[in-house]
Structures are given as structure tokens and as C-alpha cells.
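Worksheet: the structure to be examined is printed underneath.
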Amino acid sequence: MRKFAILAISCWSGFLLMSLELLSGRILAPTFGSSIYVWGAVITIFMLALSIGYLIGGRYSMNSPRLSVLCALHLASGLLILPIIAFELPVLDGIFEYTQDPRLGSLLASVILFFLPAVVCGTVAPYAVRLLVEDSQAAGFYAGLQYFFSTAFSAAGTLLTSFYFVLIFEVDQILMLLLGVTVVVAGGAFVMSKRIAP
Amino acid sequence: MSSKIMNTPFKKLALPLTVALGALCATAPAYALKTIHSERSLYRNLFVTEDGDLRCLTFRRATAGTRQTCFDKTQPDFLYFPYARMMIGSLYLNPNPGRILIVGLGGGTLPMTMRGILPNATIDVVEIDPAVTKAAKEFFNFKEDDKLKVTEEDGRVFVKKAIKAGTQYDLIMLDAFEDDYIPEHMLTREFLQEIKTILVPGGVVAANTFSSSGLYPYESATYAEAFGKFYNLKAANRVMWAQNGPLAAQETLDANAKALEPELEKRGVKSGMLFLMLNARQDWPDDARVLTDQFSPSNLLNTRVK
């Protein structure tokens with residue numbers, strides 16, 4: 001059950017990340033267009049944020065790792081969607097006032113809006129691996145399992161968002177949906193962590 | 001055993017297939033396009049093809065079906081595609097626009113035609129793909145001049161900058177859609193509001209889009225919300241003429257068409273033909289959803305059947 005909870009968080013974290021990345025392109029397009037630079041900036045910032053998140057999550061997993069902490073990290077990555085919904089328009093308008101260059105503009109906007117949630121998403125992966133691994137012999141196996149679930153759900157998040165969600169919902173509604181499921185997954189895993197805690 | 005199963009249907013198909021292939025080979029020379037330029041740009045593959053005197057720009061494989069722009073080398077002023085004539089016809093709403101914005105260059109047909117008709121107009125063109133600008137200049141006689149300039153950037157960014165600079169236009173021509181790709185951020189209520197902001201009162205918008213797909217009612221509802229009543233012209237393409245303010249009456253269009261006749265007819269634009277297609281009636285359901293920056297699945301909708 002404990003492993004199930006960890007993997008559920010891994011799955012949804014992967015889904016959340018790619019769904020958010022895809023939507024970020026749509027959020028920037030009205031202000032900075034959809035030229036190749038805008039997508040380049042979005043992907044750059046997400047990759048950079050993830051890499052930093054991995055480092056932080058890995059380091060943090062050294063201090064008495066607990067499932068409840070993983071739940072908190074996951075919940076935090078979801079809650080950081082709220083500032084995107086609240087501030088996307090003023091932030092984008094403000095940046096456009098400052099620079100009309102789509103390259104600099106979309107880099108700045110991605111940093112302000114998406115960097116933090118992506119960093120926190122990144123912390124989930126190594127922290128989850130640490131919780132899954134019980135002896136170093138099986139470390140590679142569990143790392144592979146975690147990558148498998150989070151990346152497979154990243155694929156699902158990309159596909160469902162781009163093919164279906166955008167056809168039904170508004171961008172902000174999809175963001176709220178992502179946040180809602182994140183709260184449920186993190187909450188469910190937290191309840192489980194209390195039940196099975198020694 | 002497997003070969004038996006495989007053989008039966010294939011034998012049946014062999015004769016018709018051979019005949020079909022033979023027929024294809026026999027007719028092929030008539031469509032043998034010569035590719036005189038090809039380039040892989042940041043956004044697409046770009047081909048310039050030639051078939052006798054007809055030179056075309058295409059964005060996919062060098063086939064006849066997906067041509068963006070064509071011009072006949074023996075009559076370069078003639079507008080080969082109906083959509084181009086429908087776009088130029090927007091001059092019937094305002095025959096003398098001093099400042100024109102064209103979003104999407106293609107082979108440069110629209111700006112060069114406008115320059116020919118209106119030698120003194122200031123014409124701004126926005127094109128996202130530098131390779132298109134290069135091909136237009138090299139192969140389609142497109143020329144910039146003192147009052148005709150191309151800016152290479154995203155159309156929506158250009159419009160936002162124009163708002164900031166306070167620039168306004170008498171005519172805006174939106175021609176940024178390809179046959180299989182729509183820049184979705186340029187088909188939303190917010191974008192059309194921005195277009196209205198850079199139009200003078202009474203200024204005209206001509207938009208070249210598609211006539212038949214699941215996108216039709218959404219697109220129509222979005223234009224109607226931004227501009228109110230607009231003129232709709234439907235052929236293989238769909239062109240909309242809208243105005244920032246009350247829409248010019250048919251009598252005004254008739255009078256302007258008469259005055260423009262000498263200039264337009266030699267380019268293949270015949271008002272009689274266009275007026276036959278013209279309609280200002282609503283032919284989409286009242287509850288069609290408006291496209292917005294928050295909801296703009298235009299490409300998905302465009303792949304649906306109407």
C-alpha cells in the first residue's frame with residue numbers, strides 16, 4: 001500500500017508536469033505568439049526547473065525521508081498553480097510593457113509563472129525513489145519503476161490535454177482540474193501514510 | 001497455407017491495380033511539376049514549383065493540392081486563386097485605404113496587388129517565417145518599397161506592438177492560416193478585439209479562412225461577437241469582410257465596385273461573381289461557442305466534419 005501511494009504520486013506528478021507545460025504555451029501565445037522561440041523558452045525553463053528540482057529533492061531525501069513529506073511536496077506543486085491562474089494576465093501585460101521581444105519576454109514569463117511549480121514537481125521524483133528503495137541492490141529497479149510511471153503519465157498528460165481537455169475546458173479550468181486531482185492524490189496518500197505509519 | 005490466403009485477394013486485385021497504375025503513369029506527365037526551390041524553414045517545408053508558365057508556392061510536398069500562392073508568369077497581375085480575389089474585393093467596403101496591414105505574406109500576392117491598385121498606400125506586412133519572405137522576393141516578384149515593409153514576427157505580437165505605438169489601419173487583411181494549420185491565438189475574441197483597437201472607425205477587416213469544417217460555427221460566432229454583422233463569402237475558401245462600426249450597405253458596395261472596376265477586372269476580380277457569393281445572414285447556430293484565449297481548440301475543430 002505504501003508503494004502504491006508513492007507510485008500514485010509519481011504518476012500524477014508526471015501528468016501534472018506535462019499538462020502544465022503544454023498549457024504554458026497556450027498561456028504565453030496571446031502575448032508573445034506561438035513562434036518557435038516561445039516554445040523554446042517554455043521547454044528551456046521547464047527543463048531547468050526540473051533539473052534543479054531533482055537536485056533539491058535528492059538532497060532533501062537524505063534527512064529521514066517520510067511519505068508524508070512526499071505528499072506535502074506533491075501538494076505544494078499543485079498549489080503553486082494558483083498563482084498562475086491569479087496573476088497570468090498582469091504578469092504577461094507587465095512583461096510586455098518591459099520587453100516586446102518574444103524570446104526574452106517568454107523566458108521571463110516562464111520563469112515567473114512556471115519555474116516554481118516545475119521545481120517542486122522535480123523534487124518529487126528522487127524523493128519518491130528514496131522512499132521506494134529498501135536495499136541498494138534494488139535501487140535501480142525502483143528508480144526504473146518510478147521513471148516508468150511518472151514518464152508514462154507525462155505522456156498521458158500531454159495527450160489528454162492537447163487532444164481532449166482543450167476541446168472541452170478553458171485553460172484556467174484545466175489548471176483547476178489539475179490542482180483538484182493533485183489535492184486528492186496527495187491527501188489520499190497522506191491518509192494512507194498515517195494508517196500504515198509504525 | 002498462408003500463401004494461398006494471401007494469393008486470392010491479391011490476384012483479384014492484380015488486374016485493376018495494374019490498370020490503375022498504368023493510367024496514373026500515363027497521366028503523370030500532365031501534372032509533372034518542376035520543383036525549382038525547396039527549403040526546410042523554422043516552421044515548415046517550403047517548395048516553389050513550376051508547371052509551364054504557372055509558378056506556385058506550396059508548404060507541403062510538391063503536389064497541386066496544397067498550393068499557397070500561384071502566379072502566371074505571362075500575366076503576373078492576374079489573381080489566380082479565388083480567395084485572393086475575395087480578399088481584394090474587401091476594397092468595395094472602403095475603396096481607398098491609406099494604411100493597410102496584411103498578416104501573412106505567402107507569395108506576396110495581396111501586398112503586390114494592393115500596391116498596384118493603391119500606389120500611395122502605406123502597407124505593413126507581418127510574416128513569421130523569414131524563408132517565406134525570401135521565397136516571395138526571389139520567385140514571386142515581391143518587392144518592398146518606402147511604404148511597403150515586411151516585419152518578420154508573430155502576427156499577434158505585431159498587433160500588440162501596434163496598439164502600444166498607437167498605430168491604426170484603414171484595412172487589415174488576415175491571411176495567416178494554412179490549409180492544415182491555424183495559429184490558434186489569432187482566432188480568438190481577444191485577438192479580434194485587439195484588431196478592432198488598431199482599426200480606424202469604419203476600418204475594414206478581410207479574413208481568409210475555411211468554408212467547411214467543424215470550426216465554422218465557432219469561427220462565425222467569434223467574428224460576430226467582435227464585429228456584429230459581417231459579409232460572408234463562401235467558395236472553396238471562406239472570406240469574411242467585417243467593419244469596425246456599422247457594415248456598409250450593398251448600395252455602397254455596388255457604387256465602389258463600379259468605381260474600382262477598371263483596376264480590379266484586369267486582375268480577375270469581378271464584382272458580379274463576388275456579389276453572388278456575398279451574404280450577411282447568420283448561417284450558424286445561436287449557441288455556437290465563442291473562441292477565446294482561454295478556449296481555442298481551432299485546429300482540433302478544423303479536423304472535424306461540419
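Labels used: A, B, ... for chains in the order of the C-alpha cells, numbers from 1 for residues in each chain, and numbers from 1 for ligands as shown.
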
Report task. Starting from chain B, keep only residues with some atom at most 9 Å from an atom of chain A, counting only C-alpha atoms, and report them as a PyMOL selection string. Result -> chain B and resi 42-43+128+153-157+160-161+164+183-186+190-191+292-298+300-301

**OP:** Tell me which protein, DNA and RNA residues are within 6 Å of B:Asn302, counting only C-alpha atoms, leaving out same-chain ones fewer than 2 positions away, and put them as a PyMOL selection string.
**Re:** chain B and resi 213-215+298-300+304

Among A:Val184, A:Val38, A:Leu113, A:Cys11, A:Leu89 is approached most closely, using only C-alpha atoms, by A:Leu113

One residue among B:Ala135, B:Val150, B:Ile172, B:Val305 is nearest to B:Leu46 when using only C-alpha atoms, and that residue is B:Ala135

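Residue nearest B:Glu152 within the list B:Lys196, B:Arg99, B:Arg289, B:Lys134: B:Lys134 [criterion: smallest interatomic distance, only C-alpha atoms].
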
- Task: Do a neighbour search on stretch 250-252 of chain B at 9 Å with only C-alpha atoms, toss out local chain neighbours closer than 3 positions, and write the hits as a PyMOL selection string.
- Result: chain B and resi 92-93+255-257

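When the distance limit is 10 Å and only C-alpha atoms are what count, the residues near A:Gly40, minus those fewer than 2 positions from it on the same chain, are Gly25, Ser35, Ile36, Tyr37, Val38, Val42, Ile43, Thr44, Ile45, Arg103, Ser106 and Leu107 of chain A.
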
*asked:* I'd like the contact shell of A:Ile52 - 9 Å cut-off, only C-alpha atoms, skipping same-chain residues fewer than 4 positions apart - returned as number ranges by chain.
replied: A: 47-48, 56-57, 119, 122-123

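Using only C-alpha atoms, the contacts of B:Leu54 at a cut-off of 10 Å, with sequence neighbours closer than 3 positions omitted, comprise Leu33, Thr49, Glu50, Asp51, Cys70, Phe71, Asp72, Lys73, Thr74, Gln75, Pro76 and Tyr80 of chain B.
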
Writing out the chosen residues with N, CA and C atoms as a compact mmCIF listing (two decimals), in the first residue's frame:
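The resulting file, selection-v2.txt, is shown below:
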# COMPACT_ATOMS: atom_id res chain seq x y z
N LEU B 33 5.21 18.57 -62.06
CA LEU B 33 5.65 19.86 -61.57
C LEU B 33 7.16 19.82 -61.42
N THR B 49 7.26 25.54 -57.10
CA THR B 49 7.14 24.63 -58.24
C THR B 49 6.76 25.40 -59.49
N GLU B 50 7.05 24.78 -60.63
CA GLU B 50 6.71 25.43 -61.88
C GLU B 50 6.08 24.41 -62.81
N ASP B 51 5.00 24.80 -63.43
CA ASP B 51 4.34 23.94 -64.40
C ASP B 51 4.03 24.83 -65.60
N CYS B 70 -0.08 31.10 -56.36
CA CYS B 70 0.39 30.80 -57.70
C CYS B 70 0.35 32.07 -58.51
N PHE B 71 1.29 32.20 -59.45
CA PHE B 71 1.11 33.28 -60.41
C PHE B 71 1.56 32.84 -61.79
N ASP B 72 0.84 33.39 -62.77
CA ASP B 72 1.08 33.05 -64.15
C ASP B 72 2.12 34.04 -64.67
N LYS B 73 3.26 33.52 -65.09
CA LYS B 73 4.37 34.42 -65.47
C LYS B 73 4.00 35.32 -66.65
N THR B 74 3.04 34.87 -67.48
CA THR B 74 2.68 35.70 -68.63
C THR B 74 1.69 36.81 -68.23
N GLN B 75 0.95 36.63 -67.13
CA GLN B 75 0.09 37.72 -66.62
C GLN B 75 0.24 37.80 -65.10
N PRO B 76 1.34 38.38 -64.66
CA PRO B 76 1.64 38.38 -63.23
C PRO B 76 0.62 39.14 -62.37
N TYR B 80 -4.73 34.37 -59.46
CA TYR B 80 -5.00 33.01 -59.87
C TYR B 80 -6.04 32.33 -58.98

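The nearest approach to B:Ser220 among the residues B:Gly268, B:Pro285, B:Gly203, B:Gly245, with only C-alpha atoms taken into account, belongs to B:Pro285.
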